[in-house]
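Coordinates from entry23.cif are shown below (mmCIF, C-alpha atoms).
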```cif
data_start
#
loop_
_atom_site.label_atom_id
_atom_site.label_comp_id
_atom_site.auth_asym_id
_atom_site.auth_seq_id
_atom_site.Cartn_x
_atom_site.Cartn_y
_atom_site.Cartn_z
CA MET A 1 -26.05 20.93 -12.43
CA THR A 2 -23.39 18.77 -14.03
CA CYS A 3 -22.86 15.06 -13.95
CA GLN A 4 -19.44 15.60 -12.40
CA VAL A 5 -20.94 17.44 -9.45
CA LEU A 6 -23.24 14.52 -8.78
CA SER A 7 -20.49 11.96 -9.35
CA ASP A 8 -18.26 13.72 -6.84
CA ARG A 9 -21.04 13.74 -4.28
CA MET A 10 -22.24 10.16 -4.67
CA PRO A 11 -19.83 8.44 -2.23
CA LEU A 12 -20.66 10.90 0.53
CA VAL A 13 -24.40 10.44 0.01
CA ALA A 14 -23.96 6.66 0.00
CA LEU A 15 -22.00 6.90 3.25
CA GLY A 16 -24.75 9.00 4.81
CA GLN A 17 -22.45 12.00 5.11
CA ALA A 18 -24.39 14.17 2.64
CA THR A 19 -27.82 14.32 1.04
CA TRP A 20 -29.16 15.23 -2.37
CA SER A 21 -30.61 18.63 -3.01
CA ASP A 22 -33.92 18.83 -4.89
CA GLU A 23 -32.09 19.89 -8.03
CA GLN A 24 -29.69 16.98 -7.73
CA ARG A 25 -32.54 14.53 -7.24
CA ARG A 26 -34.21 15.80 -10.39
CA HIS A 27 -30.99 15.42 -12.39
CA LEU A 28 -30.51 11.91 -11.04
CA ALA A 29 -34.01 10.96 -12.14
CA GLN A 30 -33.47 12.33 -15.63
CA CYS A 31 -29.83 11.42 -16.42
CA ALA A 32 -29.29 7.77 -17.40
CA ASP A 33 -25.52 7.93 -16.88
CA CYS A 34 -25.79 9.43 -13.42
CA SER A 35 -28.49 7.04 -12.31
CA ALA A 36 -26.44 4.07 -13.55
CA GLU A 37 -23.39 5.34 -11.67
CA TRP A 38 -25.46 5.96 -8.56
CA ARG A 39 -26.74 2.38 -8.70
CA VAL A 40 -23.12 1.13 -8.77
CA VAL A 41 -22.06 3.41 -5.93
CA GLU A 42 -25.04 2.52 -3.73
CA GLN A 43 -24.58 -1.21 -4.19
CA ALA A 44 -20.82 -0.98 -3.79
CA SER A 45 -21.13 1.03 -0.64
CA ARG A 46 -23.40 -1.63 0.88
CA ALA A 47 -21.21 -4.49 -0.32
CA VAL A 48 -17.96 -3.08 1.09
CA SER A 49 -19.39 -1.86 4.36
CA THR A 50 -19.31 -5.44 5.61
CA SER A 51 -16.73 -5.86 8.29
CA PRO A 52 -14.59 -8.96 8.09
CA PRO A 53 -15.78 -11.56 10.55
CA GLY A 54 -14.07 -11.58 13.90
CA LEU A 55 -11.94 -8.46 13.47
CA ASP A 56 -11.03 -7.31 16.99
CA PRO A 57 -9.27 -3.93 17.06
CA GLU A 58 -8.44 -4.22 20.75
CA LEU A 59 -6.76 -7.56 20.26
CA ILE A 60 -4.91 -6.27 17.22
CA GLY A 61 -3.70 -3.28 19.22
CA ALA A 62 -2.40 -5.50 22.01
CA ARG A 63 -0.58 -7.74 19.56
CA VAL A 64 0.95 -4.83 17.70
CA LEU A 65 2.24 -3.29 20.92
CA HIS A 66 3.65 -6.62 21.99
CA ARG A 67 5.50 -7.02 18.71
CA LEU A 68 6.81 -3.48 18.83
CA SER A 69 8.31 -4.12 22.25
CA THR A 70 9.74 -7.56 21.49
CA GLU A 71 10.76 -7.65 17.83
CA PRO A 72 14.17 -6.13 17.14
CA VAL A 73 14.33 -3.08 14.92
CA PRO A 74 16.08 -3.98 11.65
CA SER A 75 19.51 -2.43 11.26
CA GLN A 76 19.25 0.91 9.54
CA ARG A 77 22.93 1.56 9.04
CA SER A 78 23.66 3.70 6.07
CA PRO A 79 24.70 1.56 3.09
CA ARG A 80 27.81 3.72 2.94
CA TRP A 81 29.36 1.66 5.74
CA TRP A 82 30.07 -1.20 3.36
CA LEU A 83 31.39 1.15 0.72
CA ALA A 84 33.87 2.56 3.20
CA GLY A 85 34.93 -0.94 4.19
CA ALA A 86 35.18 -2.02 0.57
CA GLY A 87 37.22 1.04 -0.27
CA ILE A 88 39.67 0.21 2.49
CA ALA A 89 39.87 -3.37 1.27
CA ALA A 90 40.47 -2.23 -2.30
CA ALA A 91 43.15 0.20 -1.17
CA ALA A 92 44.78 -2.58 0.84
CA ALA A 93 44.79 -4.81 -2.25
CA LEU A 94 46.43 -2.06 -4.29
CA ALA A 95 48.96 -1.40 -1.57
CA LEU A 96 49.94 -5.06 -1.58
CA VAL A 97 50.42 -4.93 -5.34
CA VAL A 98 52.60 -1.80 -5.21
CA LEU A 99 54.60 -2.79 -2.15
CA LYS A 100 55.44 -6.33 -3.25
CA PRO A 101 59.17 -6.92 -3.38
CA GLY A 102 60.47 -5.54 -6.65
CA GLY A 103 57.99 -2.66 -6.74
CA PRO A 104 55.34 -2.00 -9.31
CA GLY A 105 57.66 -2.31 -12.26
CA VAL A 106 58.43 -5.95 -11.65
CA ALA A 107 56.50 -8.37 -13.77
CA THR A 108 54.74 -10.41 -11.13
CA ALA A 109 51.10 -11.52 -11.03
CA PRO A 110 50.01 -8.73 -8.75
CA LEU A 111 46.28 -8.99 -9.20
CA GLN A 112 46.28 -12.75 -8.83
CA SER A 113 48.31 -12.68 -5.61
CA ALA A 114 46.13 -9.86 -4.23
CA LEU A 115 43.00 -11.87 -4.87
CA GLU A 116 44.46 -14.87 -3.16
CA LEU A 117 44.81 -12.96 0.08
CA PRO A 118 41.83 -13.07 2.45
CA MET A 119 39.69 -9.98 1.98
CA ALA A 120 36.81 -10.44 4.36
CA GLU A 121 35.17 -7.16 3.38
CA LEU A 122 35.16 -8.05 -0.31
CA ASP A 123 33.78 -11.52 0.44
CA SER A 124 30.80 -10.01 2.20
CA LEU A 125 29.81 -7.74 -0.67
CA ASP A 126 27.05 -8.57 -3.13
CA ASN A 127 27.51 -8.17 -6.89
CA ASP A 128 26.35 -4.55 -7.05
CA GLN A 129 28.61 -3.52 -4.19
CA LEU A 130 31.56 -5.37 -5.69
CA ARG A 131 31.00 -3.69 -9.04
CA LEU A 132 31.21 -0.29 -7.40
CA VAL A 133 34.49 -1.25 -5.72
CA LEU A 134 35.94 -2.44 -9.01
CA GLU A 135 34.83 0.76 -10.73
CA SER A 136 36.70 2.73 -8.13
CA ILE A 137 39.86 0.90 -9.23
CA ASP A 138 39.32 0.65 -12.99
CA GLU A 139 37.19 2.23 -15.61
CA PRO A 140 34.30 -0.06 -16.54
CA LEU A 141 35.20 -2.38 -19.38
CA GLU A 142 31.76 -2.03 -20.90
CA THR A 143 28.75 0.15 -20.53
CA PRO A 144 26.09 -1.10 -18.11
CA THR A 145 23.54 -3.44 -19.61
CA MET A 146 19.88 -3.90 -18.80
CA ASN A 147 20.88 -6.67 -16.40
CA GLU A 148 22.56 -4.11 -14.18
CA ALA A 149 19.52 -1.84 -14.01
CA PRO A 150 17.84 -1.68 -10.62
CA SER A 151 15.40 -4.51 -10.12
CA MET A 152 11.79 -4.00 -9.07
CA LEU A 153 12.84 -5.12 -5.60
CA ASP A 154 15.07 -2.06 -5.33
CA LEU A 155 12.19 0.33 -5.83
CA ASP A 156 10.49 1.89 -2.87
CA ASP A 157 6.70 1.69 -2.52
CA GLN A 158 6.00 4.94 -4.31
CA GLN A 159 8.28 4.10 -7.24
CA LEU A 160 6.70 0.67 -7.54
CA GLU A 161 3.26 2.20 -7.56
CA ARG A 162 4.28 4.44 -10.44
CA VAL A 163 5.60 1.51 -12.44
CA LEU A 164 2.45 -0.51 -11.74
CA GLY A 165 0.36 2.46 -12.63
CA THR A 166 1.91 2.62 -16.07
CA LEU A 167 1.32 -1.10 -16.54
CA GLU A 168 -2.27 -1.16 -15.34
CA GLY A 169 -5.05 0.22 -17.49
CA MET B 1 -20.88 25.13 39.52
CA SER B 2 -19.57 21.90 38.15
CA GLY B 3 -16.94 22.38 35.55
CA LEU B 4 -17.98 19.65 33.22
CA THR B 5 -16.05 19.80 29.99
CA GLN B 6 -16.03 17.30 27.23
CA SER B 7 -12.58 17.02 25.77
CA LEU B 8 -12.31 16.50 22.08
CA PRO B 9 -10.64 13.28 20.99
CA LEU B 10 -6.99 13.71 20.11
CA SER B 11 -6.17 13.97 16.42
CA ASP B 12 -4.08 11.35 14.67
CA VAL B 13 -1.11 13.73 14.70
CA GLU B 14 -1.48 14.25 18.45
CA LEU B 15 -1.78 10.54 19.12
CA ILE B 16 1.27 9.81 17.01
CA ALA B 17 3.27 12.43 18.88
CA ALA B 18 2.09 10.95 22.18
CA TYR B 19 3.11 7.46 21.10
CA GLN B 20 6.51 8.69 19.97
CA GLY B 21 6.83 10.30 23.38
CA GLY B 22 6.32 6.92 25.03
CA ASP B 23 2.54 6.73 25.49
CA GLN B 24 1.61 3.17 24.52
CA ARG B 25 -2.06 3.89 25.03
CA ALA B 26 -1.91 6.36 22.15
CA ALA B 27 -0.88 3.55 19.80
CA ALA B 28 -3.78 1.41 21.01
CA ASP B 29 -6.14 4.34 20.39
CA LEU B 30 -4.84 4.72 16.84
CA VAL B 31 -5.42 1.05 16.17
CA ALA B 32 -8.91 1.23 17.65
CA ARG B 33 -9.68 4.24 15.47
CA HIS B 34 -8.44 2.84 12.15
CA ALA B 35 -8.40 -0.96 12.37
CA GLY B 36 -11.97 -1.32 11.19
CA ALA B 37 -11.36 0.80 8.11
CA VAL B 38 -8.13 -1.04 7.28
CA GLY B 39 -9.84 -4.38 7.78
CA ARG B 40 -12.78 -3.45 5.57
CA PHE B 41 -10.40 -2.21 2.90
CA LEU B 42 -8.46 -5.49 2.94
CA TYR B 43 -11.63 -7.54 3.00
CA ALA B 44 -13.16 -5.66 0.09
CA SER B 45 -9.88 -5.96 -1.79
CA GLY B 46 -10.12 -9.73 -1.68
CA ALA B 47 -8.23 -10.76 1.43
CA GLY B 48 -9.70 -13.90 2.94
CA GLY B 49 -11.60 -13.48 6.17
CA SER B 50 -8.98 -15.38 8.12
CA ASP B 51 -6.11 -13.33 6.68
CA VAL B 52 -7.60 -9.93 7.30
CA GLU B 53 -6.70 -9.83 10.99
CA ASP B 54 -3.08 -10.84 10.32
CA LEU B 55 -2.75 -8.32 7.51
CA THR B 56 -4.35 -5.59 9.59
CA GLN B 57 -1.99 -6.31 12.44
CA GLU B 58 1.00 -6.28 10.10
CA THR B 59 -0.18 -2.99 8.58
CA PHE B 60 -0.14 -1.26 11.96
CA PHE B 61 3.11 -2.89 13.00
CA ARG B 62 4.85 -1.60 9.89
CA ALA B 63 3.24 1.79 10.23
CA PHE B 64 4.42 2.24 13.81
CA ARG B 65 7.90 1.08 12.87
CA ARG B 66 8.00 3.66 10.05
CA LEU B 67 6.19 6.59 11.64
CA ASP B 68 9.08 8.88 10.80
CA SER B 69 8.42 8.29 7.11
CA TRP B 70 4.84 9.60 7.35
CA ARG B 71 5.24 13.27 6.57
CA GLY B 72 1.56 14.12 6.58
CA GLU B 73 1.03 14.63 2.86
CA ALA B 74 -1.66 11.97 3.04
CA SER B 75 -4.00 11.42 5.96
CA PHE B 76 -2.85 8.81 8.44
CA ARG B 77 -5.69 6.53 7.37
CA GLY B 78 -4.77 7.00 3.72
CA TRP B 79 -1.19 6.08 4.57
CA LEU B 80 -2.34 2.98 6.43
CA VAL B 81 -4.43 1.91 3.46
CA THR B 82 -1.39 2.27 1.20
CA ILE B 83 0.64 0.03 3.49
CA ALA B 84 -2.22 -2.47 3.59
CA GLY B 85 -2.46 -2.44 -0.20
CA ASN B 86 1.26 -3.20 -0.51
CA LEU B 87 0.95 -6.07 1.96
CA LEU B 88 -1.95 -7.49 0.00
CA LYS B 89 0.07 -7.24 -3.20
CA ASP B 90 2.81 -9.30 -1.54
CA GLU B 91 0.22 -11.86 -0.42
CA TYR B 92 -1.13 -12.19 -3.95
CA ARG B 93 2.38 -12.82 -5.23
CA LYS B 94 2.65 -15.72 -2.83
CA LEU B 95 -0.76 -17.07 -3.87
CA LYS B 96 -0.33 -16.99 -7.62
CA GLY B 97 -2.24 -20.21 -8.19
CA LYS B 98 -5.34 -19.15 -6.33
CA LYS B 99 -8.70 -20.18 -7.63
CA VAL B 100 -10.38 -18.07 -10.25
CA ILE B 101 -14.08 -17.91 -10.96
CA SER B 102 -15.74 -16.55 -14.04
CA LEU B 103 -18.41 -13.92 -13.71
CA ASP B 104 -20.02 -12.78 -16.95
CA GLY B 105 -16.82 -13.21 -18.92
CA HIS B 106 -14.62 -11.61 -16.27
CA ASP B 107 -12.16 -13.88 -14.49
CA LEU B 108 -12.05 -12.92 -10.85
CA ALA B 109 -10.10 -14.18 -7.89
CA ASP B 110 -12.26 -16.52 -5.86
CA ILE B 111 -12.53 -14.63 -2.62
CA ARG B 112 -15.87 -15.99 -1.60
CA ASP B 113 -16.18 -16.20 2.14
CA PRO B 114 -19.07 -18.58 2.82
CA ASP B 115 -19.73 -17.35 6.34
CA ALA B 116 -19.83 -13.68 5.45
CA GLU B 117 -21.78 -14.17 2.25
CA LEU B 118 -24.78 -15.47 4.09
CA GLN B 119 -25.33 -11.83 5.02
CA LEU B 120 -25.05 -10.45 1.48
CA SER B 121 -27.56 -10.49 -1.33
CA GLU B 122 -26.57 -12.06 -4.62
CA SER B 123 -26.02 -8.66 -6.23
CA GLU B 124 -23.83 -7.56 -3.35
CA GLN B 125 -21.78 -10.73 -3.68
CA ARG B 126 -21.28 -10.01 -7.37
CA MET B 127 -20.27 -6.48 -6.50
CA ARG B 128 -17.73 -7.71 -3.94
CA LEU B 129 -16.22 -10.07 -6.46
CA GLY B 130 -16.20 -7.36 -9.09
CA ILE B 131 -14.40 -4.88 -6.83
CA ALA B 132 -11.83 -7.44 -5.76
CA GLY B 133 -11.17 -8.20 -9.41
CA LEU B 134 -10.43 -4.61 -10.43
CA PRO B 135 -6.85 -3.70 -11.33
CA ARG B 136 -5.07 -2.62 -8.20
CA LEU B 137 -5.02 1.14 -8.67
CA GLN B 138 -8.64 1.25 -9.82
CA ARG B 139 -9.65 -0.86 -6.84
CA GLU B 140 -7.78 1.24 -4.31
CA VAL B 141 -9.06 4.53 -5.70
CA PHE B 142 -12.60 3.17 -5.83
CA LEU B 143 -12.49 1.84 -2.29
CA LEU B 144 -11.00 5.02 -0.89
CA ARG B 145 -13.88 6.91 -2.50
CA ILE B 146 -16.66 4.50 -1.57
CA GLN B 147 -15.50 3.27 1.82
CA GLN B 148 -13.77 6.35 3.17
CA GLY B 149 -15.38 9.15 1.20
CA PHE B 150 -11.94 10.52 0.29
CA GLY B 151 -11.76 13.28 -2.29
CA TYR B 152 -9.44 12.98 -5.26
CA GLU B 153 -6.79 15.21 -3.71
CA GLU B 154 -6.61 13.01 -0.65
CA ILE B 155 -6.56 9.84 -2.72
CA ALA B 156 -3.75 11.23 -4.87
CA ALA B 157 -1.70 12.05 -1.78
CA ALA B 158 -2.26 8.60 -0.31
CA LEU B 159 -1.50 6.63 -3.46
CA GLY B 160 1.22 8.80 -4.90
CA THR B 161 -0.69 9.75 -8.01
CA THR B 162 -2.42 12.90 -9.26
CA PRO B 163 -6.04 13.95 -8.63
CA GLY B 164 -6.73 13.79 -12.35
CA ALA B 165 -5.37 10.24 -12.63
CA ALA B 166 -7.34 9.22 -9.55
CA ARG B 167 -10.52 10.53 -11.15
CA VAL B 168 -9.79 8.54 -14.33
CA HIS B 169 -9.13 5.36 -12.34
CA TYR B 170 -12.39 5.85 -10.45
CA HIS B 171 -14.44 6.22 -13.59
CA HIS B 172 -12.79 3.20 -15.18
CA ALA B 173 -13.70 1.23 -12.07
CA VAL B 174 -17.31 2.40 -12.21
CA LYS B 175 -17.52 1.45 -15.87
CA ARG B 176 -16.21 -2.07 -15.21
CA LEU B 177 -18.55 -2.57 -12.28
CA LYS B 178 -21.54 -1.42 -14.34
CA GLU B 179 -20.75 -4.24 -16.77
CA ILE B 180 -20.50 -6.76 -13.96
CA ILE B 181 -23.71 -5.93 -12.15
CA GLY B 182 -25.60 -5.34 -15.38
#
```

This entry written out as C-alpha cells:
Amino acid sequence: MTCQVLSDRMPLVALGQATWSDEQRRHLAQCADCSAEWRVVEQASRAVSTSPPGLDPELIGARVLHRLSTEPVPSQRSPRWWLAGAGIAAAAALALVVLKPGGPGVATAPLQSALELPMAELDSLDNDQLRLVLESIDEPLETPTMNEAPSMLDLDDQQLERVLGTLEG
Amino acid sequence: MSGLTQSLPLSDVELIAAYQGGDQRAAADLVARHAGAVGRFLYASGAGGSDVEDLTQETFFRAFRRLDSWRGEASFRGWLVTIAGNLLKDEYRKLKGKKVISLDGHDLADIRDPDAELQLSESEQRMRLGIAGLPRLQREVFLLRIQQGFGYEEIAAALGTTPGAARVHYHHAVKRLKEIIG
C-alpha cells in the first residue's frame, strides 16, 4: 500500500464514488502525510460541492439557444483573403511605377506618386499585414525585433495555457 | 407482454451530433447535464455568485459555437471547464483592482458571498478562499480532481498539459491548502 495509491483514490472516496478497503483505512490511520492530505480533500470536497445560488440550468439552456439563433456568427474568412487583396494592390502600385510615362529608367519619384494614389486595400491593412506586403516587394531592411513577435493576444487558448504554465509555480 | 424498455441516456457525443443535425433539444440536454458542474467550478474558482450564471451561459454559448474544434481528446465536460476557466481569466483581467483579504499571510481575492457563506462552516469558508487563491493551473487541476473526480490523464487532456505535470500541480495545491487550513 503506497501513499500514491491512497492519494489517487481520495477524490473518488470524497465524492462517494469509491470506498476505502480495510488495508487502506489502516494506512490512513498510520500515515501522517496521507491523513493530512485526506483532511484537505474531505474539507475541499465539501466546500466546493456548494452550488452557486440561483443557478438555473433550464433557464441557461433557453438563453443559450436564443443567442445561438439570434447572434450572428463571426466571419471566419481565411486571413489569406486580405493577403490576396494586398498582393493585388502592391502589384498595382508596382505597375504604376513601371508604366509611368518615361518607363522605369526615368528619374521620377515613383514610390511617392504610387503612395499618393488611393489604395483602399492597403489602407485597410493593419501593421502586421502591411509589413508582409512590403516584404513581398523588398527585402526587410532589418531583422525582426522583439516588438514584432506575436503578442499574447495572438496565442490560442492552448498556447496561452502553456505560457501561463511556465510562469506559474 | 408489455415491451417496457428503459433507454439509456444519450452520450455527450450523441447529443452533440444530434444538435449539429438540428435537434435543439439536444443542446438543452447538454446544458442541463453539465451546467451545474460548470457553475460549481466557476463558483469555487472565485466567480461571484451573481456572475456565475452569466459566465456559465457564455461558456455554453462559446462551446456550441465552436463544437467543431472539440475533437474528443478531452471529455466534453473537461472541455467546458477549460472554456469556463478562460472566461474567468478574462473577467479577472477586467477586475484587476478587486478587493484582497489576508488569510494567514496569504493574500486572497475577496470572493466572499455573504448569502452562500451562511451555509458553510468557518473552515469550509477558509477552504473556499484558499482554493480560489491558488495559481490558476493548480486551482483547475485541483478542482477537476476534487469536484469531478477526473484522473490525471483526463485532466491533462482537458488542460493541455501532461499527466505528470497535472500530478505535480495537484500536490502543490494540496500543500498550499494544508498551510491555509492548518

Proximity of chain A to chain B: per-residue shortest pair, 9 Å limit, all atoms listed in the file, as a tab-separated table:
```
residue	atom	partner	partner_atom	distance
A:Asp8	CA	B:Gly151	CA	7.9
A:Met10	CA	B:Ile146	CA	8.5
A:Pro11	CA	B:Ile146	CA	5.1
A:Leu12	CA	B:Gly149	CA	5.6
A:Ala14	CA	B:Ile146	CA	7.8
A:Leu15	CA	B:Gly149	CA	7.3
A:Gln17	CA	B:Gly149	CA	8.6
A:Ala36	CA	B:Lys178	CA	7.4
A:Glu37	CA	B:Val174	CA	6.8
A:Arg39	CA	B:Lys178	CA	8.6
A:Val40	CA	B:Lys178	CA	6.3
A:Val41	CA	B:Ile146	CA	7.0
A:Glu42	CA	B:Ile146	CA	8.9
A:Gln43	CA	B:Glu124	CA	6.4
A:Ala44	CA	B:Met127	CA	6.2
A:Ser45	CA	B:Ile146	CA	5.7
A:Arg46	CA	B:Glu124	CA	7.3
A:Ala47	CA	B:Glu124	CA	5.0
A:Val48	CA	B:Ala44	CA	5.5
A:Ser49	CA	B:Arg40	CA	6.9
A:Thr50	CA	B:Arg40	CA	6.8
A:Ser51	CA	B:Arg40	CA	5.4
A:Pro52	CA	B:Gly49	CA	5.7
A:Pro53	CA	B:Gly49	CA	6.4
A:Gly54	CA	B:Glu53	CA	8.1
A:Leu55	CA	B:Glu53	CA	6.0
A:Asp56	CA	B:Glu53	CA	7.8
A:Pro57	CA	B:Ala32	CA	5.2
A:Glu58	CA	B:Ala32	CA	6.3
A:Ile60	CA	B:Gln57	CA	5.6
A:Gly61	CA	B:Ala28	CA	5.0
A:Ala62	CA	B:Ala28	CA	7.1
A:Arg63	CA	B:Gln57	CA	7.4
A:Val64	CA	B:Phe61	CA	5.5
A:Leu65	CA	B:Gln24	CA	7.4
A:Arg67	CA	B:Phe61	CA	7.4
A:Leu68	CA	B:Phe61	CA	6.9
A:Val73	CA	B:Arg65	CA	7.9
A:Asp157	CA	B:Asn86	CA	7.6
A:Gln158	CA	B:Gly160	CA	6.2
A:Gln159	CA	B:Gly160	CA	8.8
A:Glu161	CA	B:Gly160	CA	7.4
A:Arg162	CA	B:Thr161	CA	7.7
A:Leu164	CA	B:Leu137	CA	8.2
A:Gly165	CA	B:Leu137	CA	6.8
A:Glu168	CA	B:Pro135	CA	6.6
A:Gly169	CA	B:Pro135	CA	7.5
```

Proximity to Val13 of chain B - best of B:Leu88, B:Leu134, B:Leu55, B:Arg77, all atoms listed in the file: B:Arg77

Straight-line distance linking atom CA of Val81 of chain B with atom CA of Glu122 of chain B, stated in Å to one decimal: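 Going from atom CA of Val81 of chain B over to atom CA of Glu122 of chain B, I get 27.4 Å.
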
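Atom CA of Leu59 of chain A is positioned 21.2 Å from atom CA of Arg66 of chain B.
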
Separation of atom CA of Ala157 of chain B from atom CA of Ala74 of chain B in Å: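 Between these atoms lies a distance of 4.8 Å.
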
All residues 12 Å or closer to Leu6 of chain A, all atoms listed in the file, same chain fewer than 4 positions away omitted, as a short mmCIF file (atom, residue, chain, number, x, y, z; two decimals) with C-alpha atoms, in the coordinates of the input:
```cif
data_model
loop_
_atom_site.label_atom_id
_atom_site.label_comp_id
_atom_site.auth_asym_id
_atom_site.auth_seq_id
_atom_site.Cartn_x
_atom_site.Cartn_y
_atom_site.Cartn_z
CA MET A 1 -26.05 20.93 -12.43
CA THR A 2 -23.39 18.77 -14.03
CA MET A 10 -22.24 10.16 -4.67
CA PRO A 11 -19.83 8.44 -2.23
CA LEU A 12 -20.66 10.90 0.53
CA VAL A 13 -24.40 10.44 0.01
CA ALA A 14 -23.96 6.66 0.00
CA ALA A 18 -24.39 14.17 2.64
CA THR A 19 -27.82 14.32 1.04
CA TRP A 20 -29.16 15.23 -2.37
CA SER A 21 -30.61 18.63 -3.01
CA GLU A 23 -32.09 19.89 -8.03
CA GLN A 24 -29.69 16.98 -7.73
CA ARG A 25 -32.54 14.53 -7.24
CA ARG A 26 -34.21 15.80 -10.39
CA HIS A 27 -30.99 15.42 -12.39
CA LEU A 28 -30.51 11.91 -11.04
CA ALA A 29 -34.01 10.96 -12.14
CA CYS A 31 -29.83 11.42 -16.42
CA ASP A 33 -25.52 7.93 -16.88
CA CYS A 34 -25.79 9.43 -13.42
CA SER A 35 -28.49 7.04 -12.31
CA ALA A 36 -26.44 4.07 -13.55
CA GLU A 37 -23.39 5.34 -11.67
CA TRP A 38 -25.46 5.96 -8.56
CA VAL A 41 -22.06 3.41 -5.93
#
```
